[in-house]
Amino acid sequence: MYSFFYFIVAKTFQASVSINENGIHLRSFKLRNITLDYKDIKSVNPDKLIKPSDTLIAIMIMILAALVIFSVVSGEWKLIITIFPLLPGYLILKHKQDREYHYLDTQLYIQSKNTRWYEISPYYSIITDELTASKIKAAIEHYRGVQ
């Protein structure tokens with residue numbers, strides 16, 4: 001079950017972006033293939049992702065440890081024993097994901113002028129590193145200026 005969830009999460013983060021004179025082409029596992037014309041783009045804004053602080057992570061670990069201790073004391077230790085063997089697999093998958101997506105610290109928002117009836121938001125977002133986000137923004141601005 002965890003492998004299936006990892007596959008879904010990993011595929012959700014995988015996307016390709018191609019920029020040419022015809023428009024921006026976004027391809028993703030989670031979304032359908034999208035093509036945006038330059039005349040339909042209202043703005044392109046990069047924004048830094050907010051990472052949880054070390055203090056918040058330490059507090060969450062202490063709460064989790066308190067819940068584990070409480071369940072052991074109250075006699076619900078059988079549940080912990082059934083979940084415990086999954087921990088090494090989870091840590092291996094998390095390490096692999098952290099290694100692959102370590103530098104993804106910027107979210108690039110592309111705002112469209114036209115929102116279709118089935119779309120919730122006029123924003124399309126791409127999670128990438130800061131350098132790639134600036135290159136994508138520069139390419140979009142270049143083609144918007146040419147059009």
# chains A, B, ... in the order shown; residues from 1 in each chain; ligands from 1

$ closest_atom_pairs --of "region 24-51 of chain A" --to "region 107-125 of chain A" --cutoff "6 Å" --atoms "only C-alpha atoms" --output "Markdown table"
| residue | atom | partner | partner_atom | distance |
| --- | --- | --- | --- | --- |
| A:Asp40 | CA | A:Lys113 | CA | 5.2 |
| A:Ile41 | CA | A:Ser112 | CA | 4.5 |
| A:Lys42 | CA | A:Ser112 | CA | 5.3 |
| A:Ser43 | CA | A:Gln111 | CA | 5.2 |
| A:Val44 | CA | A:Ile110 | CA | 4.6 |
| A:Asn45 | CA | A:Tyr109 | CA | 5.2 |
| A:Pro46 | CA | A:Leu108 | CA | 4.2 |
| A:Asp47 | CA | A:Gln107 | CA | 5.3 |

$ closest_residue --among "A:Ser18, A:Tyr38, A:Met62, A:Thr106" --to "Glu130 (chain A)" --atoms "only C-alpha atoms"
A:Thr106

$ residues_around --residues "Lys39 (chain A)" --least-positions-apart "6" --cutoff "12 Å" --atoms "only C-alpha atoms" --output "list in words"
Glu21, Asn22, Gly23, Ile24, Gln111, Ser112, Lys113, Asn114, Ile140, Glu141, Tyr143, Arg144, Gly145, Val146 and Gln147 of chain A

$ select_by_dssp --residues "region 17-79 of chain A" --states "strand (DSSP E)" --output "list of chain:residue names"
A:Val17, A:Ser18, A:Ile19, A:Asn20, A:Gly23, A:Ile24, A:His25, A:Leu26, A:Arg27, A:Ser28, A:Ile34, A:Thr35, A:Leu36, A:Ile41, A:Lys42, A:Ser43, A:Val44, A:Asn45, A:Pro46, A:Asp47, A:Lys48

$ residues_around --residues "Met1 (chain A)" --least-positions-apart "2" --cutoff "12 Å" --atoms "only C-alpha atoms" --output "CSV table (one decimal) with C-alpha atoms, in the first residue's frame"
chain,number,residue,atom,x,y,z
A,3,SER,CA,4.6,1.6,-2.4
A,4,PHE,CA,1.4,2.5,-4.3
A,5,PHE,CA,1.1,5.8,-2.4
A,6,TYR,CA,4.8,6.6,-3.1
A,7,PHE,CA,4.2,5.9,-6.8
A,8,ILE,CA,1.3,8.3,-6.9
A,86,LEU,CA,6.8,-0.7,7.6
A,89,GLY,CA,10.6,0.9,3.9
A,90,TYR,CA,9.1,4.3,4.6

$ atom_distance --atom1 "CA of Ile61 (chain A)" --atom2 "CA of Pro88 (chain A)"
16.8 Å

$ select_by_dssp --residues "region 1-145 of chain A" --states "alpha helix (DSSP H)" --output "ChimeraX atom specification"
/A:2-13,54-73,77-83,87-100,130-145

$ atom_distance --atom1 "CA of Pro52 (chain A)" --atom2 "CA of Tyr103 (chain A)"
14.9 Å

$ atom_distance --atom1 "CA of Trp77 (chain A)" --atom2 "CA of Thr55 (chain A)"
28.2 Å

$ closest_residue --among "A:Ile126, A:Val68, A:Ile34, A:Met60" --to "Ile83 (chain A)" --atoms "only C-alpha atoms"
A:Val68

$ decode --residues "region 13-44 of chain A" --atoms "C-alpha atoms" --output "PDB file, in the first residue's frame"
ATOM      1  CA  PHE A  13       5.603  15.710  -8.860  1.00  0.00           C
ATOM      2  CA  GLN A  14       6.877  14.647 -12.269  1.00  0.00           C
ATOM      3  CA  ALA A  15       5.961  17.126 -14.952  1.00  0.00           C
ATOM      4  CA  SER A  16       7.459  18.477 -18.108  1.00  0.00           C
ATOM      5  CA  VAL A  17       7.336  22.020 -19.380  1.00  0.00           C
ATOM      6  CA  SER A  18       8.198  22.986 -22.919  1.00  0.00           C
ATOM      7  CA  ILE A  19       8.234  26.546 -24.158  1.00  0.00           C
ATOM      8  CA  ASN A  20       8.256  27.420 -27.843  1.00  0.00           C
ATOM      9  CA  GLU A  21       6.840  30.065 -30.159  1.00  0.00           C
ATOM     10  CA  ASN A  22       3.394  28.404 -30.096  1.00  0.00           C
ATOM     11  CA  GLY A  23       2.934  28.553 -26.319  1.00  0.00           C
ATOM     12  CA  ILE A  24       3.666  26.775 -23.073  1.00  0.00           C
ATOM     13  CA  HIS A  25       3.001  23.041 -22.936  1.00  0.00           C
ATOM     14  CA  LEU A  26       2.513  21.513 -19.472  1.00  0.00           C
ATOM     15  CA  ARG A  27       2.439  17.732 -19.204  1.00  0.00           C
ATOM     16  CA  SER A  28       1.775  16.008 -15.903  1.00  0.00           C
ATOM     17  CA  PHE A  29       0.586  12.689 -14.523  1.00  0.00           C
ATOM     18  CA  LYS A  30      -1.943  14.339 -12.223  1.00  0.00           C
ATOM     19  CA  LEU A  31      -3.294  16.845 -14.743  1.00  0.00           C
ATOM     20  CA  ARG A  32      -4.119  16.563 -18.373  1.00  0.00           C
ATOM     21  CA  ASN A  33      -1.819  18.049 -20.980  1.00  0.00           C
ATOM     22  CA  ILE A  34      -2.291  21.827 -21.067  1.00  0.00           C
ATOM     23  CA  THR A  35      -1.243  24.307 -23.736  1.00  0.00           C
ATOM     24  CA  LEU A  36      -1.297  28.015 -22.886  1.00  0.00           C
ATOM     25  CA  ASP A  37      -1.055  30.676 -25.579  1.00  0.00           C
ATOM     26  CA  TYR A  38       1.081  33.671 -24.693  1.00  0.00           C
ATOM     27  CA  LYS A  39      -1.849  36.046 -25.252  1.00  0.00           C
ATOM     28  CA  ASP A  40      -3.772  34.150 -22.534  1.00  0.00           C
ATOM     29  CA  ILE A  41      -1.073  34.605 -19.871  1.00  0.00           C
ATOM     30  CA  LYS A  42      -1.742  37.409 -17.424  1.00  0.00           C
ATOM     31  CA  SER A  43       1.305  37.065 -15.145  1.00  0.00           C
ATOM     32  CA  VAL A  44       4.199  34.795 -14.174  1.00  0.00           C
TER      33      VAL A  44
END
